[in-house]
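Here is the structure we will look at, set down as structure tokens.
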Amino acid sequence: MSDPRIKKLAKIMVEYSLKIKSGQQVHLQTSPLADEFNLAFIEEVTKAGGHVFTSNTIPGSAEVFFKHATNKQLDYVNPVNKLIVEKFDARMLVQANANTRELSGVDPKKTVRAQKAGAQMFKTMLRRIEKKQFAWCMTVYPTNALAQEANMSLNDYREFVYEAGMLNAKDPVALWKAEEKKQKKLANWLKGKNKVVLKGDDIDLTFSIKGRKFIPCAGDLNFPDGEIFTSPVENSVNGWVRFKYPALFGGQEIENIELWFENGKVVKEKAARNQELLTAQLNTDKGARVLGEWGIGTNYNIKKFSKNILFDEKLGGTIHLAMGLGFEEAGGKNTSGLHWDMLCDMAESEILVDGKLFYKNGKPAIK
């Protein structure tokens with residue numbers, strides 16, 4: 001029996017998140033496992049007068065490619081993807097994994113090389129998103145693989161996903177608009193501030209946000225959503241942080257990461273597991289060791305860590321730090337083929353901004 005929340009989600013994606021208009025070209029990047037959502041989304045775009053181009057990821061194809069690709073193939077930039085990024089009006093990306101560990105046996109150097117090849121295209125996409133020329137949104141369709149990764153049954157994971165998106169409410173869009181107001185209050189308080197100090201059991205870090213802008217996120221780029229973020233001043237980051245939540249890259253887990261920053265760059269890294277992969281990613285290019293993003297999770301409807309950064313970076317009571325590419329929209333200047341989020345628990349921590357308490361023990365402290 002069809003879940004009515006899937007049709008509700010498709011409608012929200014088209015009308016609220018992507019705001020599809022008649023005549024617009026829309027790329028649906030998805031998987032056959034999500035066909036119930038795919039059909040609902042195509043229906044809503046068609047009703048809105050848009051034109052849908054669908055590309056389906058074949059389960060297992062990424063593993064086949066990376067295990068057999070030559071350097072020439074890793075460096076290849078698909079002209080169809082380039083056309084979509086440069087000319088289309090919107091992209092809907094659906095996560096519906098058959099196997100979240102598909103790339104576990106792949107040489108990290110191969111994924112890094114492919115990432116470098118696509119860096120310029122990724123930068124173009126971000127620039128068009130920031131200029132409101134390209135609407136982009138990512139969501140999840142619950143699968144057994146994603147449920148297993150989150151250590152849940154499929155039924156429980158399905159409820160986790162839809163509760164995180166407030167889809168059980170009669171009017172989810174109204175709730176997301178209310179969430180946006182809360183986020184803007186935090187962003188406005190931070191406007192014009194300079195020095196940030198983060199202290200706790202897992203963090204002792206300082207940096208500047210002078211001249212930087214905080215971006216509220218309430219369902220227009222990711223769904224579910226719930227964060228504010230900026231790009232700190234690149235050469236201002238100093239100190240240490242430990243990420244007790246595992247970071248994932250290409251289906252592999254890197255556990256208990258510790259990073260040491262000096263004048264904006266990671267000068268030492270350590271991990272209890274998969275340190276070689278950690279170092280490989282940080283050596284992607286000269287900008288990969290620079291902090292590109294600081295984000296604060298504001299979605300308290302997300303109740304637990306699920307090993308999916310779409311949810312985890314929004315988790316209330318956490319912050320996330322992303323190595324690599326900064327956001328021009330926020331004032332970021334760092335360029336890199338890497339943008340890799342890592343999650344830090346702030347339950348026993350505080351954030352001071354220009355000497356004033358902004359955040360304590362997992363929640364904002366401002367009035």
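Chain lettering (A, B, ...) mirrors the order of the structure tokens, residue numbering begins at 1 for each chain separately, and ligand numbering begins at 1 in order of display.
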
Find the residues around Ile129 in chain A up to 12 Å (only C-alpha atoms counted), leave out those fewer than 3 positions away in its own chain, and share them as a VMD selection string. chain A and resid 18 85 to 86 88 to 91 122 to 126 132 to 137 220 to 221 327 to 329

Residues near range 159-168 of chain A, cut-off 6 Å, only C-alpha atoms, skip fewer than 4 positions along chain, as a PyMOL selection string: chain A and resi 172+224+301-302

Since we have the selection now, will you write its residues out, keeping N, CA and C atoms, as a CSV table (one decimal), in the first residue's frame?
```
chain,number,residue,atom,x,y,z
A,172,PRO,N,3.5,20.5,6.7
A,172,PRO,CA,4.9,20.5,7.0
A,172,PRO,C,5.6,21.8,6.6
A,224,PRO,N,15.2,16.0,4.8
A,224,PRO,CA,15.0,17.0,5.8
A,224,PRO,C,16.2,18.0,5.9
A,301,ASN,N,14.1,17.2,15.7
A,301,ASN,CA,13.2,16.1,15.4
A,301,ASN,C,14.1,14.9,15.0
A,302,ILE,N,15.3,15.1,14.7
A,302,ILE,CA,16.2,14.0,14.4
A,302,ILE,C,16.8,13.5,15.7
```

Return the single residue from A:Tyr76, A:Phe53, A:Tyr157, A:Tyr359 that is closest to Ile296 in chain A, with distances computed using only C-alpha atoms. A:Tyr359

Minimum-distance residue to Arg273 in chain A, chosen among A:Lys244, A:Lys195, A:Arg127, A:Lys170 (using only C-alpha atoms): A:Lys244

Give me the residues near Ser2 in chain A as a ChimeraX atom specification, where near means some atom within 12 Å (using only C-alpha atoms) and where sequence neighbours in that chain fewer than 2 positions away do not count. /A:4-8,35-37,39-40

Using only C-alpha atoms, which protein or nucleic acid residues come within 7 Å of Leu352 in chain A? Drop anything in the same chain fewer than 2 positions from it, and give the result as a PDB file with C-alpha atoms, in the first residue's frame.
```pdb
ATOM      1  CA  VAL A 196      34.401  32.240  17.956  1.00  0.00           C
ATOM      2  CA  VAL A 197      35.635  29.999  20.782  1.00  0.00           C
ATOM      3  CA  LEU A 198      34.403  26.397  21.004  1.00  0.00           C
ATOM      4  CA  GLU A 350      29.857  25.772  24.849  1.00  0.00           C
ATOM      5  CA  ASP A 354      33.065  37.853  20.987  1.00  0.00           C
ATOM      6  CA  GLY A 355      33.116  36.792  24.639  1.00  0.00           C
ATOM      7  CA  LYS A 356      29.346  36.258  24.912  1.00  0.00           C
ATOM      8  CA  LEU A 357      27.710  32.889  25.474  1.00  0.00           C
ATOM      9  CA  PHE A 358      25.947  31.825  22.279  1.00  0.00           C
TER      10      PHE A 358
END
```

Measuring between only C-alpha atoms, which one of A:Ala117, A:Ile42, A:Ala365, A:Ala147 shows the shortest distance to Ala96 in chain A?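 Counting only C-alpha atoms, the residue closest to Ala96 in chain A is A:Ala147.
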
As a PyMOL selection string, please: every residue in range 96-299 of chain A that a backbone DSSP assignment puts in alpha helix (DSSP H). chain A and resi 108-117+119-130+144-149+154-164+172-190+275-282
